[in-house]
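File shown: data.csv. Contents: CSV, C-alpha atoms.
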```
chain,number,residue,atom,x,y,z
A,1,MET,CA,-32.6,-3.2,78.5
A,2,VAL,CA,-36.2,-2.9,77.7
A,3,LYS,CA,-38.3,-0.5,75.7
A,4,PRO,CA,-39.3,2.5,77.8
A,5,SER,CA,-42.9,3.4,78.5
A,6,VAL,CA,-41.9,7.1,78.6
A,7,LYS,CA,-39.6,9.4,76.7
A,8,ILE,CA,-35.9,9.0,77.6
A,9,SER,CA,-34.3,12.5,78.0
A,10,GLY,CA,-30.7,13.1,77.2
A,11,ARG,CA,-30.3,10.1,75.0
A,12,GLY,CA,-30.9,9.6,71.3
A,13,ALA,CA,-32.2,6.0,71.2
A,14,GLN,CA,-35.5,5.4,73.0
A,15,SER,CA,-34.9,1.7,73.8
A,16,GLY,CA,-32.2,-0.9,74.2
A,17,ALA,CA,-33.5,-4.0,72.5
A,18,VAL,CA,-30.8,-6.5,71.7
A,19,PRO,CA,-30.4,-7.4,68.0
A,20,GLN,CA,-32.3,-10.3,66.6
A,21,ARG,CA,-30.0,-10.8,63.6
A,22,PHE,CA,-27.7,-13.1,65.6
A,23,GLY,CA,-30.4,-15.2,67.3
A,24,LEU,CA,-30.2,-13.6,70.7
A,25,ALA,CA,-33.2,-14.0,73.0
A,26,ALA,CA,-35.5,-11.0,73.2
A,27,ARG,CA,-36.1,-9.5,76.6
A,28,GLU,CA,-39.2,-7.7,77.6
A,29,ALA,CA,-40.3,-6.5,81.1
A,30,ASP,CA,-44.0,-6.9,82.1
A,31,ASP,CA,-45.7,-3.6,82.6
A,32,ASP,CA,-47.2,-4.7,86.0
A,33,TRP,CA,-43.8,-5.7,87.2
A,34,LEU,CA,-42.4,-2.3,86.2
A,35,ASP,CA,-45.2,-0.5,88.0
A,36,ALA,CA,-44.6,-2.6,91.1
A,37,ARG,CA,-40.9,-2.0,91.0
A,38,GLU,CA,-41.3,1.8,90.7
A,39,GLY,CA,-43.6,1.7,93.7
A,40,ILE,CA,-41.0,-0.1,95.8
A,41,ASP,CA,-37.7,1.3,94.5
A,42,GLY,CA,-38.8,4.6,93.0
A,43,PRO,CA,-38.1,5.8,89.4
A,44,GLU,CA,-35.5,3.9,87.4
A,45,PRO,CA,-32.0,5.6,87.9
A,46,ARG,CA,-30.7,7.7,85.1
A,47,LEU,CA,-28.6,5.9,82.5
A,48,ARG,CA,-24.9,6.5,83.1
A,49,THR,CA,-22.1,6.1,80.6
A,50,GLN,CA,-19.7,3.1,81.2
A,51,VAL,CA,-16.3,2.8,79.5
A,52,ILE,CA,-14.4,-0.4,79.0
A,53,GLU,CA,-10.8,-0.3,78.1
A,54,GLU,CA,-10.2,-2.5,75.1
A,55,ARG,CA,-6.7,-4.0,74.4
A,56,ALA,CA,-6.8,-4.0,70.7
A,57,ARG,CA,-4.2,-5.9,68.6
A,58,THR,CA,-4.3,-3.5,65.7
A,59,ILE,CA,-5.6,0.0,65.2
A,60,ILE,CA,-5.8,0.8,61.5
A,61,SER,CA,-8.8,-0.7,59.7
A,62,PHE,CA,-8.3,-1.2,56.0
A,63,ASN,CA,-11.1,-1.4,53.5
A,64,GLN,CA,-11.6,-2.0,49.8
A,65,SER,CA,-15.0,-0.2,49.5
A,66,PRO,CA,-15.0,1.3,46.0
A,67,ASP,CA,-17.4,4.2,46.8
A,68,ILE,CA,-15.6,5.9,49.7
A,69,PRO,CA,-12.5,8.2,49.4
A,70,PHE,CA,-10.2,6.5,51.8
A,71,ASP,CA,-8.8,3.0,52.3
A,72,ARG,CA,-7.9,3.1,56.0
A,73,SER,CA,-9.3,4.5,59.2
A,74,ILE,CA,-8.7,4.7,62.9
A,75,ASN,CA,-11.5,4.5,65.5
A,76,ALA,CA,-10.2,5.1,68.9
A,77,TYR,CA,-13.5,4.3,70.5
A,78,ARG,CA,-16.4,1.9,70.0
A,79,GLY,CA,-19.9,3.3,70.6
A,80,CYS,CA,-20.5,7.0,70.9
A,81,GLU,CA,-21.9,9.1,73.7
A,82,HIS,CA,-23.1,11.8,71.3
A,83,GLY,CA,-26.1,9.5,70.9
A,84,CYS,CA,-27.1,10.5,67.3
A,85,VAL,CA,-30.2,8.4,66.8
A,86,TYR,CA,-29.5,8.1,63.0
A,87,CYS,CA,-25.9,6.9,63.4
A,88,TYR,CA,-25.2,4.3,60.7
A,89,ALA,CA,-22.5,2.8,63.0
A,90,ARG,CA,-25.0,1.7,65.7
A,91,PRO,CA,-25.3,-1.9,64.3
A,92,SER,CA,-21.6,-2.4,65.1
A,93,HIS,CA,-22.5,-2.8,68.8
A,94,ALA,CA,-24.5,-5.9,67.8
A,95,TRP,CA,-21.2,-7.8,67.4
A,96,HIS,CA,-20.7,-7.5,71.1
A,97,ASP,CA,-24.2,-8.8,71.8
A,98,LEU,CA,-25.1,-5.3,72.9
A,99,SER,CA,-27.9,-3.1,71.9
A,100,PRO,CA,-27.4,-0.7,68.9
A,101,GLY,CA,-29.8,1.5,70.8
A,102,LEU,CA,-29.0,2.7,74.4
A,103,ASP,CA,-26.0,0.4,74.8
A,104,PHE,CA,-24.3,2.0,71.8
A,105,GLU,CA,-24.3,5.4,73.6
A,106,THR,CA,-23.9,4.3,77.2
A,107,ARG,CA,-21.6,1.2,77.1
A,108,LEU,CA,-18.5,2.5,75.3
A,109,PHE,CA,-15.1,1.0,74.5
A,110,ALA,CA,-11.8,3.0,74.6
A,111,LYS,CA,-8.5,1.9,73.0
A,112,PRO,CA,-5.8,3.5,75.1
A,113,ASP,CA,-3.0,1.7,73.2
A,114,ALA,CA,-4.0,3.3,69.9
A,115,ALA,CA,-1.0,5.6,69.5
A,116,ARG,CA,1.5,2.7,70.3
A,117,LEU,CA,-0.3,0.4,67.8
A,118,LEU,CA,-0.2,3.1,65.2
A,119,ARG,CA,3.5,3.7,65.7
A,120,GLU,CA,4.2,0.0,65.4
A,121,THR,CA,2.2,-0.2,62.1
A,122,LEU,CA,3.8,2.8,60.6
A,123,ALA,CA,7.3,1.4,61.5
A,124,LYS,CA,6.8,-1.8,59.5
A,125,PRO,CA,9.0,-1.8,56.4
A,126,GLY,CA,6.1,-2.6,54.0
A,127,TYR,CA,3.8,0.1,55.2
A,128,LYS,CA,2.9,2.7,52.5
A,129,PRO,CA,1.3,5.9,53.6
A,130,ALA,CA,-2.2,7.2,52.5
A,131,PRO,CA,-4.6,9.5,54.4
A,132,ILE,CA,-5.9,7.9,57.6
A,133,ALA,CA,-9.6,8.8,58.2
A,134,MET,CA,-10.7,9.4,61.8
A,135,GLY,CA,-14.4,9.7,62.7
A,136,THR,CA,-15.7,7.2,60.2
A,137,ASN,CA,-17.5,4.9,62.6
A,138,THR,CA,-17.6,6.7,66.0
A,139,ASP,CA,-16.7,10.3,66.9
A,140,PRO,CA,-13.0,10.8,67.8
A,141,TYR,CA,-14.0,13.9,69.9
A,142,GLN,CA,-16.9,12.4,71.8
A,143,PRO,CA,-17.0,13.5,75.5
A,144,ILE,CA,-14.7,10.7,76.8
A,145,GLU,CA,-11.9,12.0,74.6
A,146,GLY,CA,-11.6,14.8,77.2
A,147,ARG,CA,-10.4,12.1,79.7
A,148,TYR,CA,-8.6,9.7,77.5
A,149,ARG,CA,-7.0,12.0,74.9
A,150,ILE,CA,-6.5,9.1,72.5
A,151,THR,CA,-7.2,11.1,69.4
A,152,ARG,CA,-4.6,13.7,70.4
A,153,GLN,CA,-2.0,10.9,70.9
A,154,VAL,CA,-2.8,9.6,67.5
A,155,LEU,CA,-2.4,13.1,66.0
A,156,GLU,CA,1.0,13.4,67.7
A,157,VAL,CA,2.2,10.2,66.1
A,158,CYS,CA,0.9,11.4,62.7
A,159,LEU,CA,2.8,14.7,63.1
A,160,GLU,CA,6.0,13.0,64.1
A,161,ALA,CA,5.8,10.6,61.1
A,162,ARG,CA,4.5,13.3,58.7
A,163,HIS,CA,1.5,11.1,58.0
A,164,PRO,CA,-1.7,12.6,56.5
A,165,VAL,CA,-4.8,12.3,58.6
A,166,THR,CA,-8.4,13.5,58.2
A,167,ILE,CA,-11.0,14.1,60.9
A,168,THR,CA,-14.8,14.1,60.9
A,169,THR,CA,-16.6,15.1,64.1
A,170,LYS,CA,-19.7,16.7,65.5
A,171,SER,CA,-17.8,18.3,68.4
A,172,ALA,CA,-16.2,21.6,69.0
A,173,ARG,CA,-13.8,19.7,71.3
A,174,VAL,CA,-11.6,19.4,68.2
A,175,LEU,CA,-10.3,22.8,69.0
A,176,ARG,CA,-8.4,21.4,72.0
A,177,ASP,CA,-6.0,20.0,69.5
A,178,LEU,CA,-5.7,23.1,67.4
A,179,ASP,CA,-2.0,23.4,68.0
A,180,LEU,CA,-1.4,20.0,66.4
A,181,LEU,CA,-3.8,20.6,63.6
A,182,ILE,CA,-2.1,23.9,62.8
A,183,GLU,CA,1.2,22.1,62.5
A,184,LEU,CA,-0.3,19.3,60.4
A,185,ALA,CA,-2.0,21.8,58.1
A,186,ARG,CA,1.2,23.8,57.6
A,187,LEU,CA,2.7,20.6,56.2
A,188,ASN,CA,-0.5,19.9,54.2
A,189,LEU,CA,-1.2,16.8,56.2
A,190,THR,CA,-4.7,17.3,57.5
A,191,ALA,CA,-8.2,18.5,56.8
A,192,VAL,CA,-11.1,18.7,59.2
A,193,ALA,CA,-14.8,18.2,58.6
A,194,LEU,CA,-17.7,19.0,61.0
A,195,SER,CA,-21.1,17.5,60.4
A,196,VAL,CA,-24.0,19.9,61.0
A,197,THR,CA,-27.5,18.5,60.8
A,198,SER,CA,-29.7,21.5,61.7
A,199,LEU,CA,-29.5,25.0,63.0
A,200,ASP,CA,-32.2,24.4,65.7
A,201,PRO,CA,-30.5,23.7,69.0
A,202,ARG,CA,-33.7,22.1,70.4
A,203,LEU,CA,-34.0,19.7,67.4
A,204,SER,CA,-30.3,19.0,67.6
A,205,GLY,CA,-30.7,18.1,71.3
A,206,LEU,CA,-33.3,15.5,70.3
A,207,LEU,CA,-31.4,14.1,67.3
A,208,GLU,CA,-27.8,14.2,68.7
A,209,PRO,CA,-28.2,15.0,72.4
A,210,ARG,CA,-24.6,15.0,73.5
A,211,ALA,CA,-23.0,16.5,70.5
A,212,SER,CA,-21.9,20.1,70.4
A,213,ALA,CA,-24.7,22.6,69.6
A,214,PRO,CA,-24.9,23.6,65.9
A,215,VAL,CA,-23.5,27.1,66.4
A,216,LYS,CA,-20.6,25.8,68.3
A,217,ARG,CA,-19.7,23.4,65.5
A,218,LEU,CA,-19.9,26.2,63.0
A,219,ASP,CA,-17.8,28.5,65.2
A,220,ALA,CA,-15.2,25.7,65.5
A,221,LEU,CA,-15.1,25.5,61.7
A,222,GLY,CA,-14.5,29.2,61.6
A,223,LYS,CA,-11.6,29.1,64.1
A,224,LEU,CA,-10.0,26.2,62.2
A,225,ALA,CA,-10.3,28.1,58.9
A,226,VAL,CA,-8.8,31.3,60.4
A,227,ALA,CA,-5.9,29.1,61.7
A,228,GLY,CA,-5.2,27.8,58.2
A,229,VAL,CA,-6.7,24.3,58.7
A,230,PRO,CA,-8.6,23.1,55.6
A,231,THR,CA,-12.2,22.8,56.6
A,232,HIS,CA,-15.3,21.0,55.3
A,233,VAL,CA,-18.9,21.1,56.3
A,234,SER,CA,-21.0,18.0,55.9
A,235,VAL,CA,-24.8,18.5,55.9
A,236,ALA,CA,-25.4,15.0,57.2
A,237,PRO,CA,-27.7,13.3,57.4
A,238,VAL,CA,-30.5,15.1,55.5
A,239,ILE,CA,-33.7,13.8,57.1
A,240,PRO,CA,-36.7,14.7,54.9
A,241,ALA,CA,-39.4,16.7,56.6
A,242,ILE,CA,-37.2,17.1,59.7
A,243,THR,CA,-33.9,18.7,58.8
A,244,ASP,CA,-33.9,19.4,55.0
A,245,GLU,CA,-35.2,23.0,55.6
A,246,PHE,CA,-31.7,23.8,56.9
A,247,ILE,CA,-29.6,22.8,53.9
A,248,GLU,CA,-29.0,26.3,52.5
A,249,ALA,CA,-28.7,28.0,55.9
A,250,ILE,CA,-26.0,25.6,57.1
A,251,LEU,CA,-24.0,26.1,53.9
A,252,GLU,CA,-24.3,29.9,54.2
A,253,ALA,CA,-23.3,29.9,57.8
A,254,ALA,CA,-20.3,27.7,57.0
A,255,ALA,CA,-19.2,29.8,54.0
A,256,GLN,CA,-19.4,33.0,56.1
A,257,ARG,CA,-16.9,31.4,58.5
A,258,GLY,CA,-14.4,30.6,55.7
A,259,VAL,CA,-15.2,27.0,55.0
A,260,GLN,CA,-14.0,25.9,51.6
A,261,THR,CA,-15.9,22.7,50.8
A,262,ALA,CA,-19.1,21.0,51.6
A,263,SER,CA,-21.0,17.7,51.0
A,264,TRP,CA,-24.4,16.2,52.0
A,265,ILE,CA,-25.6,12.7,52.8
A,266,MET,CA,-29.1,11.4,52.7
A,267,LEU,CA,-30.3,9.5,55.8
A,268,ARG,CA,-29.2,5.9,55.8
A,269,LEU,CA,-30.9,3.2,57.9
A,270,PRO,CA,-28.9,0.0,57.9
A,271,HIS,CA,-30.1,-2.9,60.1
A,272,GLU,CA,-31.2,-1.9,63.5
A,273,VAL,CA,-31.0,1.9,62.8
A,274,ALA,CA,-34.3,1.8,60.9
A,275,PRO,CA,-36.5,0.6,63.9
A,276,LEU,CA,-34.6,3.0,66.2
A,277,VAL,CA,-35.4,6.0,63.9
A,278,ARG,CA,-39.0,4.8,63.6
A,279,GLU,CA,-39.2,4.7,67.4
A,280,TRP,CA,-37.7,8.1,67.7
A,281,LEU,CA,-40.1,9.6,65.2
A,282,GLY,CA,-43.0,8.0,67.1
A,283,VAL,CA,-41.8,9.7,70.3
A,284,HIS,CA,-40.8,13.1,69.0
A,285,PHE,CA,-42.6,13.6,65.7
A,286,PRO,CA,-45.6,11.3,65.5
A,287,ASP,CA,-47.5,13.8,63.3
A,288,ARG,CA,-45.0,13.3,60.4
A,289,ALA,CA,-43.4,9.9,61.1
A,290,GLY,CA,-45.2,8.3,58.2
A,291,LYS,CA,-44.2,11.1,55.8
A,292,VAL,CA,-40.5,10.9,56.7
A,293,MET,CA,-40.4,7.1,56.2
A,294,ALA,CA,-42.4,7.4,52.9
A,295,ILE,CA,-39.8,9.8,51.5
A,296,VAL,CA,-36.9,7.8,52.8
A,297,GLN,CA,-38.3,4.7,51.1
A,298,SER,CA,-39.0,6.6,47.9
A,299,VAL,CA,-35.3,7.4,47.4
A,300,ARG,CA,-34.2,3.8,48.2
A,301,GLU,CA,-36.5,2.0,45.7
A,302,GLY,CA,-39.1,1.2,48.4
A,303,ARG,CA,-36.7,0.0,51.0
A,304,ASP,CA,-35.6,1.5,54.3
A,305,ASN,CA,-32.0,1.1,53.2
A,306,ASP,CA,-29.9,0.4,50.1
A,307,PRO,CA,-26.6,-1.4,51.1
A,308,GLY,CA,-25.2,-1.5,47.5
A,309,PHE,CA,-21.9,0.1,46.7
A,310,PHE,CA,-22.3,3.4,44.9
A,311,THR,CA,-26.1,3.4,45.1
A,312,ARG,CA,-26.1,3.6,49.0
A,313,MET,CA,-24.6,7.1,48.7
A,314,LYS,CA,-26.6,8.2,45.7
A,315,PRO,CA,-30.4,8.2,46.5
A,316,GLN,CA,-32.7,8.3,43.5
A,317,GLY,CA,-36.1,9.8,42.8
A,318,VAL,CA,-37.8,13.1,42.9
A,319,TRP,CA,-37.0,14.0,46.5
A,320,ALA,CA,-33.3,13.1,46.1
A,321,ASP,CA,-33.2,15.3,42.9
A,322,VAL,CA,-34.7,18.2,44.8
A,323,PHE,CA,-32.2,18.0,47.7
A,324,ARG,CA,-29.3,17.5,45.3
A,325,THR,CA,-30.3,20.5,43.2
A,326,ARG,CA,-30.8,22.7,46.3
A,327,PHE,CA,-27.4,21.7,47.6
A,328,ARG,CA,-25.6,22.3,44.2
A,329,LEU,CA,-27.2,25.7,43.7
A,330,ALA,CA,-26.4,26.9,47.2
A,331,CYS,CA,-22.7,25.8,46.8
A,332,LYS,CA,-22.5,27.6,43.5
A,333,ARG,CA,-23.9,30.8,45.0
A,334,LEU,CA,-21.6,30.7,48.0
A,335,GLY,CA,-18.5,29.7,46.2
A,336,LEU,CA,-18.1,26.4,47.9
A,337,ASN,CA,-16.3,23.4,46.3
A,338,ARG,CA,-14.3,25.5,43.9
A,339,GLU,CA,-11.1,23.8,45.0
A,340,GLN,CA,-10.5,20.4,46.7
A,341,SER,CA,-7.5,19.9,49.0
A,342,VAL,CA,-5.2,16.9,48.4
A,343,LEU,CA,-3.0,15.9,51.3
A,344,ASP,CA,0.7,15.2,50.8
A,345,CYS,CA,1.8,11.6,51.3
A,346,GLY,CA,5.4,12.2,50.2
A,347,GLN,CA,6.7,13.5,53.5
A,348,PHE,CA,6.3,10.3,55.4
A,349,VAL,CA,9.1,9.4,57.8
A,350,ARG,CA,9.0,5.9,59.2
A,351,PRO,CA,9.0,6.2,63.0
A,352,SER,CA,10.8,3.8,65.3
A,353,ALA,CA,8.5,1.1,66.7
A,354,ASP,CA,9.5,1.9,70.3
A,355,GLY,CA,9.2,5.6,70.1
A,356,GLN,CA,12.8,6.3,70.7
A,357,MET,CA,14.6,9.1,68.7
A,358,ARG,CA,17.2,7.9,66.2
A,359,LEU,CA,20.8,9.1,66.6
A,360,PHE,CA,21.5,9.0,62.9
```
Taking this structure as input, can you express it in the form of structure tokens?
Amino acid sequence: MVKPSVKISGRGAQSGAVPQRFGLAAREADDDWLDAREGIDGPEPRLRTQVIEERARTIISFNQSPDIPFDRSINAYRGCEHGCVYCYARPSHAWHDLSPGLDFETRLFAKPDAARLLRETLAKPGYKPAPIAMGTNTDPYQPIEGRYRITRQVLEVCLEARHPVTITTKSARVLRDLDLLIELARLNLTAVALSVTSLDPRLSGLLEPRASAPVKRLDALGKLAVAGVPTHVSVAPVIPAITDEFIEAILEAAAQRGVQTASWIMLRLPHEVAPLVREWLGVHFPDRAGKVMAIVQSVREGRDNDPGFFTRMKPQGVWADVFRTRFRLACKRLGLNREQSVLDCGQFVRPSADGQMRLF
């Protein structure tokens, strides 16, 4: 794919350049050729989402990162049609020689064997339960979940095995599995977080074009809370001079709907995400692009990104202190984060590898 000469509507990334970190050849289309092609063939057809079914060998990814609160996760999909331009997971598409830009949100991978693979892993004699995090790399409730229902199948296995599982999403589609989440919550086996970036639907449509509208995410949190499911709102990412004005309002809207806990994350720009965000700013907010990047670099010691453990999640400097203080004071005023839920790992029942019920 090539860099567009006009704004691409309905997608977060504004180009599809292949990564240069792995020595792939850069591709660029000549403007005269593009003009001639449009005159002959008409405008370029709209990008369509493609899904490739991946036959994975394992489904749980284990990590030893010392600064995140889980050691295992499941990602039922690679790539994400939500198209959040700031997504820190975009560089993962580079491993497939695909663009972290437009390819990440249009060329997706689904793992239809996820539930079977999970069952086989949980059935192993040496497996020890701990909360499985879903939604750590790509969204488990992105639009193609409506067709594949892989996330639901994984939750069914977790319920059967009494295994704790957490969910992070930007989609109200999570409510389609409310029946399973209610049962898991009744057993203290789940908690659900929804990430809300702004309260402006137009801005959200530019930042995260195929995610649920902000009010729908908040309403989903409310319905989950009423149903007894532990809920969490993540104000993430905070983009200075773009979304930081919404910090307090998001927390207040979430608290009004019964949400118990909240967190925030400063914008992170690993690898190819930085040029994609710069490009996005140039298209949509050219008047403040320089200011945004100057603040981002000011909290990362002059760099676009800080990859270090612990420091990557804890921006420093005046701007970071301002955001942190605003968040803390709002949470205190609204009564958020008074209690933290701890999921129960003691109910685990090892399932049979083949899914058959045991007689004894």
(request) Could you tell me how far atom CA of A:Ala289 lies from atom CA of A:Leu276, in Å and to one decimal? (result) 12.3 Å
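Between atom CA of A:Leu207 and atom CA of A:Thr231 the interatomic distance comes to 23.6 Å.
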(request) Could you please determine the separation between atom CA of A:Cys158 and atom CA of A:Arg350 in Å, to one decimal place? (result)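 Interatomic distance, atom CA of A:Cys158 to atom CA of A:Arg350: 10.4 Å.
Shell of A:Gly10 at 9 Å, with only C-alpha atoms counted and residues fewer than 3 places along the chain excluded, is Gly83, Gly205, Leu206, Pro209 and Arg210 of chain A.
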(message) Env of A:Asp71: 12 Å cut, atoms = all atoms listed in the file, seq-sep filter 3 positions within chain, self excluded. Answer as a ChimeraX atom specification.
(response) /A:60-68,74,128-134,136,165
Go ahead and dump the residues you just picked, C-alpha atoms, as a PDB file, in the coordinates of the input.
```
ATOM      1  CA  ILE A  60      -5.800   0.800  61.500  1.00  0.00           C
ATOM      2  CA  SER A  61      -8.800  -0.700  59.700  1.00  0.00           C
ATOM      3  CA  PHE A  62      -8.300  -1.200  56.000  1.00  0.00           C
ATOM      4  CA  ASN A  63     -11.100  -1.400  53.500  1.00  0.00           C
ATOM      5  CA  GLN A  64     -11.600  -2.000  49.800  1.00  0.00           C
ATOM      6  CA  SER A  65     -15.000  -0.200  49.500  1.00  0.00           C
ATOM      7  CA  PRO A  66     -15.000   1.300  46.000  1.00  0.00           C
ATOM      8  CA  ASP A  67     -17.400   4.200  46.800  1.00  0.00           C
ATOM      9  CA  ILE A  68     -15.600   5.900  49.700  1.00  0.00           C
ATOM     10  CA  ILE A  74      -8.700   4.700  62.900  1.00  0.00           C
ATOM     11  CA  LYS A 128       2.900   2.700  52.500  1.00  0.00           C
ATOM     12  CA  PRO A 129       1.300   5.900  53.600  1.00  0.00           C
ATOM     13  CA  ALA A 130      -2.200   7.200  52.500  1.00  0.00           C
ATOM     14  CA  PRO A 131      -4.600   9.500  54.400  1.00  0.00           C
ATOM     15  CA  ILE A 132      -5.900   7.900  57.600  1.00  0.00           C
ATOM     16  CA  ALA A 133      -9.600   8.800  58.200  1.00  0.00           C
ATOM     17  CA  MET A 134     -10.700   9.400  61.800  1.00  0.00           C
ATOM     18  CA  THR A 136     -15.700   7.200  60.200  1.00  0.00           C
ATOM     19  CA  VAL A 165      -4.800  12.300  58.600  1.00  0.00           C
TER      20      VAL A 165
END
```
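Closest approach to A:Lys332 among A:Thr166, A:Thr190, A:Ser73, A:Thr261 is made by A:Thr261 (distances from all atoms listed in the file).
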(message) Here is a test: counting all atoms listed in the file, which residue of A:Glu120, A:Glu105, A:Glu53, A:Asp321 is nearest to A:Ala161?
(response)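 Once distances to A:Ala161 are computed over all atoms listed in the file, the minimum belongs to A:Glu120.
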(message) Please determine, counting only C-alpha atoms, which residue among A:Phe327, A:Tyr86, A:Tyr127, A:Phe70 has the shortest atom-to-atom distance to A:Pro270.
(response) A:Tyr86
In file coordinates, which residues lie within 9 Å of (-2.1, 19.0, 66.0) using all atoms listed in the file, given as a PDB file with C-alpha atoms, in the coordinates of the input?
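Listing of selection_25.pdb after writing:
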```pdb
ATOM      1  CA  ARG A 152      -4.600  13.700  70.400  1.00  0.00           C
ATOM      2  CA  LEU A 155      -2.400  13.100  66.000  1.00  0.00           C
ATOM      3  CA  GLU A 156       1.000  13.400  67.700  1.00  0.00           C
ATOM      4  CA  CYS A 158       0.900  11.400  62.700  1.00  0.00           C
ATOM      5  CA  LEU A 159       2.800  14.700  63.100  1.00  0.00           C
ATOM      6  CA  ASP A 177      -6.000  20.000  69.500  1.00  0.00           C
ATOM      7  CA  LEU A 178      -5.700  23.100  67.400  1.00  0.00           C
ATOM      8  CA  ASP A 179      -2.000  23.400  68.000  1.00  0.00           C
ATOM      9  CA  LEU A 180      -1.400  20.000  66.400  1.00  0.00           C
ATOM     10  CA  LEU A 181      -3.800  20.600  63.600  1.00  0.00           C
ATOM     11  CA  ILE A 182      -2.100  23.900  62.800  1.00  0.00           C
ATOM     12  CA  GLU A 183       1.200  22.100  62.500  1.00  0.00           C
ATOM     13  CA  LEU A 184      -0.300  19.300  60.400  1.00  0.00           C
ATOM     14  CA  ALA A 185      -2.000  21.800  58.100  1.00  0.00           C
TER      15      ALA A 185
END
```
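Distance annotation: of A:Ile250, A:Lys170, A:Thr151, A:Val318, the residue with the minimal separation from A:Asp200 is A:Ile250; atom set is only C-alpha atoms.
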(request) Extract, using all atoms listed in the file, all DNA, RNA and protein residues at most 10 Å from A:Met293, discarding same-chain residues fewer than 3 positions from it, and format them as a PyMOL selection string. (result) chain A and resi 239-241+274+277-278+281+288-290+296-298+302-304
(message) Excluding A:Gly146 and its own-chain neighbours fewer than 2 positions away, which residues fall within 12 Å of it when counting all atoms listed in the file? Please give them as a PyMOL selection string.
(response) chain A and resi 140-144+148-152+171-177
